[in-house]
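Asker: Just so it is clear, I am handing over input15.tsv, which has TSV, C-alpha atoms.
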chain	number	residue	atom	x	y	z
O	7	VAL	CA	-0.76	3.03	15.85
O	8	ASN	CA	1.62	6.00	15.60
O	9	PHE	CA	3.52	8.23	18.04
O	10	SER	CA	3.73	12.00	17.65
O	11	PRO	CA	7.17	13.41	16.72
O	12	ASP	CA	7.76	14.62	20.28
O	13	GLY	CA	6.80	11.21	21.67
O	14	GLU	CA	4.14	12.66	23.96
O	15	LYS	CA	1.00	11.51	22.12
O	16	LEU	CA	-0.15	8.22	20.62
O	17	ALA	CA	-2.79	7.82	17.88
O	18	THR	CA	-4.74	4.60	17.40
O	19	VAL	CA	-7.57	3.53	15.10
O	20	GLY	CA	-10.04	0.81	16.06
O	21	SER	CA	-11.47	-1.82	13.74
O	22	PHE	CA	-15.03	-2.76	12.76
O	23	PRO	CA	-17.64	-1.65	13.62
O	24	ASP	CA	-16.66	1.74	15.08
O	25	PHE	CA	-13.30	2.67	13.45
O	26	MET	CA	-12.63	5.13	16.27
O	27	LEU	CA	-9.63	7.46	16.06
O	28	THR	CA	-8.18	8.05	19.53
O	29	VAL	CA	-5.38	10.40	20.56
O	30	TRP	CA	-3.75	9.43	23.85
O	31	ASP	CA	-1.52	11.02	26.42
O	32	TRP	CA	0.17	7.69	26.76
O	33	ASN	CA	2.40	8.67	29.68
O	34	ALA	CA	-0.67	9.54	31.75
O	35	GLU	CA	-2.65	6.65	30.21
O	36	GLN	CA	-5.48	9.07	29.38
O	37	ILE	CA	-7.52	9.80	26.26
O	38	ILE	CA	-7.09	13.33	24.93
O	39	LEU	CA	-9.53	13.16	22.00
O	40	ARG	CA	-11.69	10.55	20.34
O	41	THR	CA	-13.91	10.54	17.24
O	42	LYS	CA	-15.07	8.25	14.43
O	43	ALA	CA	-12.36	8.12	11.77
O	44	PHE	CA	-14.51	6.83	8.89
O	45	ALA	CA	-17.34	4.44	8.11
O	46	GLN	CA	-15.03	1.90	6.44
O	47	GLU	CA	-11.70	0.21	7.11
O	48	VAL	CA	-8.83	2.51	8.13
O	49	TYR	CA	-5.38	1.15	7.26
O	50	ARG	CA	-3.06	3.76	8.71
O	51	VAL	CA	-2.82	6.78	11.00
O	52	THR	CA	0.17	9.12	11.34
O	53	PHE	CA	1.01	12.42	12.98
O	54	SER	CA	2.37	15.22	10.82
O	55	PRO	CA	6.15	15.39	11.23
O	56	ARG	CA	6.08	19.19	10.80
O	57	PHE	CA	2.79	20.59	12.09
O	58	ASP	CA	1.86	20.00	15.70
O	59	GLY	CA	-1.62	18.60	16.26
O	60	GLN	CA	-2.17	17.48	12.68
O	61	LEU	CA	-2.79	13.85	11.64
O	62	ILE	CA	-3.62	11.84	8.54
O	63	THR	CA	-5.66	8.66	8.18
O	64	GLY	CA	-5.90	6.54	5.07
O	65	GLY	CA	-8.00	3.53	4.23
O	66	MET	CA	-10.69	2.02	2.08
O	67	ALA	CA	-11.65	4.57	-0.61
O	68	HIS	CA	-10.51	7.56	1.44
O	69	ILE	CA	-7.83	9.75	2.93
O	70	ARG	CA	-8.58	12.23	5.71
O	71	PHE	CA	-6.69	15.22	7.08
O	72	TRP	CA	-7.13	16.00	10.79
O	73	LYS	CA	-6.43	18.92	13.11
O	74	MET	CA	-6.60	19.07	16.87
O	75	ALA	CA	-8.41	22.43	17.06
O	76	GLN	CA	-9.42	24.59	19.99
O	77	THR	CA	-13.12	25.48	19.72
O	78	PHE	CA	-15.68	27.24	21.93
O	79	THR	CA	-16.55	23.87	23.45
O	80	GLY	CA	-12.95	22.77	23.94
O	81	LEU	CA	-10.36	20.80	22.01
O	82	LYS	CA	-11.80	18.85	19.07
O	83	LEU	CA	-10.59	16.61	16.28
O	84	GLN	CA	-11.68	18.13	12.97
O	85	GLY	CA	-11.27	15.98	9.86
O	86	ASP	CA	-11.41	17.08	6.21
O	87	ILE	CA	-12.11	14.20	3.86
O	88	GLY	CA	-9.96	14.09	0.75
O	89	LYS	CA	-11.97	14.95	-2.38
O	90	PHE	CA	-11.01	12.88	-5.40
O	91	GLY	CA	-12.95	15.09	-7.82
O	92	GLN	CA	-12.62	13.76	-11.37
O	93	VAL	CA	-10.15	11.10	-10.22
O	94	GLU	CA	-11.41	7.58	-9.49
O	95	LEU	CA	-11.85	6.68	-5.83
O	96	SER	CA	-8.96	4.65	-4.44
O	97	ASP	CA	-7.90	2.87	-1.29
O	98	ILE	CA	-5.07	4.80	0.36
O	99	SER	CA	-2.54	2.86	2.45
O	100	GLY	CA	0.74	4.52	1.51
O	101	TYR	CA	1.38	8.26	1.85
O	102	CYS	CA	3.92	10.76	3.14
O	103	GLU	CA	4.11	14.46	3.90
O	104	LEU	CA	6.44	16.58	1.78
O	105	PRO	CA	8.53	19.43	3.22
O	106	ASP	CA	6.08	22.01	1.81
O	107	GLY	CA	3.12	20.40	3.60
O	108	LYS	CA	1.60	18.66	0.57
O	109	ILE	CA	0.73	14.97	0.85
O	110	LEU	CA	1.85	12.38	-1.67
O	111	SER	CA	-0.19	9.16	-1.72
O	112	GLY	CA	-0.43	5.98	-3.74
O	113	SER	CA	-3.44	4.69	-5.65
O	114	ASP	CA	-5.02	1.42	-6.74
O	115	TRP	CA	-4.07	1.90	-10.40
O	116	GLY	CA	-0.37	2.65	-9.83
O	117	ASN	CA	-0.14	6.44	-10.15
O	118	LEU	CA	0.83	8.79	-7.33
O	119	LEU	CA	-1.59	11.45	-6.10
O	120	LEU	CA	-0.32	14.84	-4.92
O	121	TRP	CA	-2.69	16.44	-2.39
O	122	GLU	CA	-2.83	20.13	-1.53
O	123	GLY	CA	-5.19	20.67	1.39
O	124	ASN	CA	-7.92	18.08	0.89
O	125	LEU	CA	-7.89	18.35	-2.93
O	126	ILE	CA	-5.83	16.52	-5.52
O	127	LYS	CA	-3.37	18.96	-7.09
O	128	CYS	CA	-2.34	16.44	-9.75
O	129	GLN	CA	-1.73	12.81	-10.62
O	130	VAL	CA	1.84	11.68	-11.18
O	131	SER	CA	2.90	9.02	-13.69
O	132	ARG	CA	6.05	8.00	-15.51
O	133	LYS	CA	6.85	9.51	-18.88
O	134	GLY	CA	4.75	8.32	-21.77
O	135	GLY	CA	1.73	7.90	-19.50
O	136	ARG	CA	3.07	4.72	-17.90
O	137	PRO	CA	1.96	4.24	-14.28
O	138	CYS	CA	4.51	4.61	-11.50
O	139	HIS	CA	3.81	0.96	-10.61
O	140	ASP	CA	1.90	-1.79	-12.40
O	141	GLY	CA	-0.66	-2.25	-9.66
O	142	PRO	CA	-1.55	-0.65	-6.33
O	143	ILE	CA	1.06	1.43	-4.48
O	144	GLU	CA	1.26	0.26	-0.87
O	145	LEU	CA	4.30	2.23	0.36
O	146	VAL	CA	5.15	5.93	-0.02
O	147	GLU	CA	7.98	7.29	2.14
O	148	LEU	CA	10.19	10.38	2.19
O	149	ASP	CA	13.93	9.90	2.75
O	150	GLU	CA	15.11	13.35	3.80
O	151	ASN	CA	18.75	12.28	3.87
O	152	THR	CA	18.80	11.40	0.17
O	153	GLN	CA	16.01	13.82	-0.81
O	154	GLN	CA	14.12	10.97	-2.46
O	155	ILE	CA	10.62	9.55	-2.44
O	156	ILE	CA	10.51	5.76	-2.01
O	157	THR	CA	7.53	3.80	-3.34
O	158	GLY	CA	6.66	0.11	-3.18
O	159	GLY	CA	3.99	-1.51	-5.32
O	160	GLY	CA	2.06	-4.70	-5.78
O	161	ASP	CA	4.17	-5.32	-8.90
O	162	GLY	CA	7.08	-6.29	-6.63
O	163	PHE	CA	9.21	-3.21	-7.35
O	164	VAL	CA	10.65	-0.59	-5.00
O	165	ARG	CA	11.43	2.68	-6.81
O	166	THR	CA	13.14	5.92	-5.81
O	167	TRP	CA	12.11	9.31	-7.19
O	168	PRO	CA	13.66	12.79	-6.96
O	169	LEU	CA	11.87	14.80	-4.27
O	170	GLN	CA	12.46	18.11	-6.05
O	171	ASP	CA	10.34	17.01	-9.02
O	172	PHE	CA	7.30	16.61	-6.75
O	173	LEU	CA	7.91	19.97	-5.07
O	174	GLU	CA	7.85	21.62	-8.50
O	175	ALA	CA	4.99	19.57	-9.94
O	176	GLU	CA	2.65	21.59	-12.15
O	177	THR	CA	0.11	20.55	-14.78
O	178	THR	CA	-1.64	22.20	-17.72
O	179	ASP	CA	-4.89	21.55	-19.59
O	180	GLU	CA	-2.83	19.89	-22.32
O	181	LYS	CA	-0.89	17.78	-19.81
O	182	PRO	CA	-3.19	17.10	-16.82
O	183	ILE	CA	-0.89	14.39	-15.42
O	184	PHE	CA	2.59	15.33	-14.19
O	185	GLU	CA	5.29	12.98	-15.48
O	186	VAL	CA	8.51	12.00	-13.71
O	187	GLU	CA	11.04	9.21	-14.08
O	188	PRO	CA	12.42	7.11	-11.17
O	189	GLU	CA	16.09	7.46	-10.26
O	190	GLY	CA	16.38	3.78	-9.37
O	191	GLU	CA	14.46	0.58	-8.82
O	192	GLN	CA	14.91	-2.88	-7.42
O	193	THR	CA	12.76	-5.97	-7.11
O	194	SER	CA	11.20	-6.65	-3.74
O	195	THR	CA	13.00	-9.49	-1.93
O	196	ILE	CA	9.69	-11.10	-1.00
O	197	ALA	CA	8.43	-10.99	-4.57
O	198	ALA	CA	11.71	-12.41	-5.88
O	199	THR	CA	11.64	-15.22	-3.32
O	200	ASP	CA	8.05	-16.10	-4.15
O	201	SER	CA	8.88	-16.15	-7.83
O	202	ALA	CA	11.98	-18.30	-7.33
O	203	SER	CA	10.08	-20.82	-5.22
O	204	LYS	CA	7.52	-21.46	-7.95
O	205	PRO	CA	8.56	-23.91	-10.71
O	206	ASP	CA	8.09	-22.84	-14.30
O	207	GLU	CA	5.00	-23.99	-16.11
O	208	GLY	CA	7.18	-26.24	-18.26
O	209	GLU	CA	8.72	-27.86	-15.21
O	210	ARG	CA	5.31	-28.56	-13.71
O	211	ASP	CA	4.09	-30.01	-16.99
O	212	GLU	CA	7.17	-32.23	-17.22
O	213	GLY	CA	6.60	-33.42	-13.68
O	214	GLU	CA	2.98	-34.16	-14.44
O	215	ARG	CA	3.97	-36.13	-17.54
O	216	ASP	CA	6.47	-38.15	-15.51
O	217	GLU	CA	3.80	-38.89	-12.94
O	218	GLY	CA	1.46	-40.00	-15.70
O	219	GLU	CA	4.15	-42.22	-17.16
O	220	ARG	CA	4.75	-43.80	-13.75
O	221	ASP	CA	1.02	-44.42	-13.34
O	222	GLU	CA	0.93	-46.05	-16.75
O	223	GLY	CA	3.88	-48.22	-15.77
O	224	GLU	CA	2.19	-49.21	-12.55
O	225	ARG	CA	-0.94	-50.22	-14.45
O	226	ASP	CA	1.15	-52.37	-16.78
O	227	GLU	CA	2.77	-54.03	-13.79
O	228	GLY	CA	-0.67	-54.68	-12.33
O	229	GLU	CA	-1.87	-56.20	-15.56
O	230	ARG	CA	1.12	-58.53	-15.61
O	231	ASP	CA	0.48	-59.53	-12.02
O	232	GLU	CA	-3.13	-60.30	-12.87
O	233	GLY	CA	-2.06	-62.64	-15.68
O	234	GLU	CA	0.26	-64.61	-13.42
O	235	PRO	CA	-1.12	-67.39	-11.18
O	236	ASP	CA	-1.40	-66.72	-7.49
O	237	GLU	CA	1.29	-68.18	-5.28
O	238	GLY	CA	-1.20	-70.56	-3.66
O	239	GLU	CA	-2.53	-72.08	-6.94
O	240	PRO	CA	-0.85	-75.23	-8.24
O	241	ASP	CA	0.77	-75.10	-11.64
O	242	GLY	CA	-1.25	-76.65	-14.51
Output the file's structure in the form of structure tokens.

Answerer:
Amino acid sequence: VNFSPDGEKLATVGSFPDFMLTVWDWNAEQIILRTKAFAQEVYRVTFSPRFDGQLITGGMAHIRFWKMAQTFTGLKLQGDIGKFGQVELSDISGYCELPDGKILSGSDWGNLLLWEGNLIKCQVSRKGGRPCHDGPIELVELDENTQQIITGGGDGFVRTWPLQDFLEAETTDEKPIFEVEPEGEQTSTIAATDSASKPDEGERDEGERDEGERDEGERDEGERDEGEPDEGEPDG
């Protein structure tokens, strides 16, 4: 669910089995346009913050770029599917629109993908060919106040990147992947909490050994009890 920048329209995407993309005039409680978004799960829908009537959907193995276009038969939703080309297909859940209209998205393998139209202009990694995140990138946001890109990954890190580097991104045949370094990073609070709540392997092993020792002690106690006469039996 996402509102348009002017607050007049609302976009929603249904779940299985139809995955219908619907644009609403929510004040009038009326549907403006409706069409099938994709044949698989759709994770996110957003309006363009800069271009009226344009939307983006991302989901399982796809990203799609939409326009509300006036045709001979009336207003229609026209969607161009993102073409991965030589790049491996990826689920797309995190993306943002840059000031120049390009789209920056995450990927399953931890690199960023820079889209121009419905084609990938280039992949983006850290220097030395290291991925931007060690695992899927779930969050990609633009902070216009700081002129930074913010990314969050399954590795538990949140990183900030200089926006200008992405606006100037170019590749060559010798260097097909554009490389950039983050300006800062921090560990996700959730990831840190989960990690802190789990005991170390050594601590668990120690606890298991203690439990085993207690069991052994209990068996010894039982054996001693068995050797002693019952309370109701007379002595000798």

Asker: Determine the nearest neighbour of Phe90 (chain O) from the options O:Leu148, O:Ile143, O:Ala175, O:Ile126, counting all atoms listed in the file.

Answerer: O:Ile126

Asker: Identify, on the basis of all atoms listed in the file, every residue whose closest approach to Thr193 (chain O) does not exceed 9 Å; exclude the query and any residue fewer than 5 positions from it along the same chain; express the result as an mmCIF file with C-alpha atoms, in the frame of the given file.

Answerer:
data_model
loop_
_atom_site.group_PDB
_atom_site.id
_atom_site.type_symbol
_atom_site.label_atom_id
_atom_site.label_comp_id
_atom_site.auth_asym_id
_atom_site.auth_seq_id
_atom_site.Cartn_x
_atom_site.Cartn_y
_atom_site.Cartn_z
ATOM 1 C CA ASP O 161 4.170 -5.320 -8.900
ATOM 2 C CA GLY O 162 7.080 -6.290 -6.630
ATOM 3 C CA PHE O 163 9.210 -3.210 -7.350
ATOM 4 C CA VAL O 164 10.650 -0.590 -5.000
ATOM 5 C CA ARG O 165 11.430 2.680 -6.810
ATOM 6 C CA ALA O 198 11.710 -12.410 -5.880
#

Asker: Grab the CA of Gly107 (chain O) to CA of Leu173 (chain O) distance for me, in Å with one decimal place.

Answerer: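 These two atoms are separated by 9.9 Å.
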
Asker: Each residue of region 27-98 of chain O lying at most 8 Å from region 113-120 of chain O should get a row with its shortest atom-to-atom pair and the distance in Å to one decimal, counting only C-alpha atoms; could you produce that, ordered by chain and increasing number, as a tab-separated table?

Answerer:
residue	atom	partner	partner_atom	distance
O:Ser96	CA	O:Asp114	CA	5.6
O:Asp97	CA	O:Asp114	CA	6.3
O:Ile98	CA	O:Ser113	CA	6.2

Asker: Compute the distance from (1.8, -3.2, -12.9) to each atom, counting only C-alpha atoms, keep the residues with any atom at most 8 Å away, and return them as a PyMOL selection string; use the coordinates of the file.

Answerer: chain O and resi 116+137+139-142+160-161

Asker: For each of O:Glu176, O:Asn124, O:Glu191, O:Phe44, take the minimum atom-to-atom distance to Ile155 (chain O), counting all atoms listed in the file, then give the residue where this is smallest.

Answerer: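 With all atoms listed in the file as the atom set, the closest residue is O:Glu191.
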
Asker: Counting all atoms listed in the file, figure out which residue out of O:Pro11, O:Gln46, O:Leu95, O:Thr41 gets nearest to Asp58 (chain O).

Answerer: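 Between O:Pro11, O:Gln46, O:Leu95, O:Thr41, the residue approaching Asp58 (chain O) most closely is O:Pro11.
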
Asker: Let me make sure I understand: among O:Leu16, O:Val146, O:Leu169, O:Ala43, which one has the smallest atom-to-atom distance to Asp106 (chain O) if we use only C-alpha atoms?

Answerer: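 Using only C-alpha atoms, Asp106 (chain O) sits closest to O:Leu169.
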
Asker: Take the point (-4.5, 16.1, -6.6) as written in the file and pick out every residue within 10 Å of it, counting only C-alpha atoms; give the list as an NGL selection string.

Answerer: :O and (88-93 or 108-111 or 118-130 or 183)

Asker: Provide the CA of Lys42 (chain O) to CA of Val19 (chain O) distance in Å, to one decimal place.

Answerer: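 Taking CA of Lys42 (chain O) and CA of Val19 (chain O), their separation equals 8.9 Å.
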
Asker: For Ile37 (chain O), which residue among O:Lys181, O:Arg70, O:Lys15, O:Lys133 is the nearest when counting all atoms listed in the file?

Answerer: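 Looking at the shortest contact to Ile37 (chain O), the residue is O:Lys15.
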
Asker: With all atoms listed in the file as the basis for distance, which of O:Cys138, O:Arg40, O:Tyr101, O:Asp171 is at the shortest distance from Thr63 (chain O)?

Answerer: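 Going through O:Cys138, O:Arg40, O:Tyr101, O:Asp171 one by one, the smallest distance to Thr63 (chain O) is for O:Tyr101.
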
Asker: Have a look at CA of Gln60 (chain O) and CA of Phe22 (chain O) and let me know their distance in Å, one decimal.

Answerer: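 These two atoms are separated by 24.0 Å.
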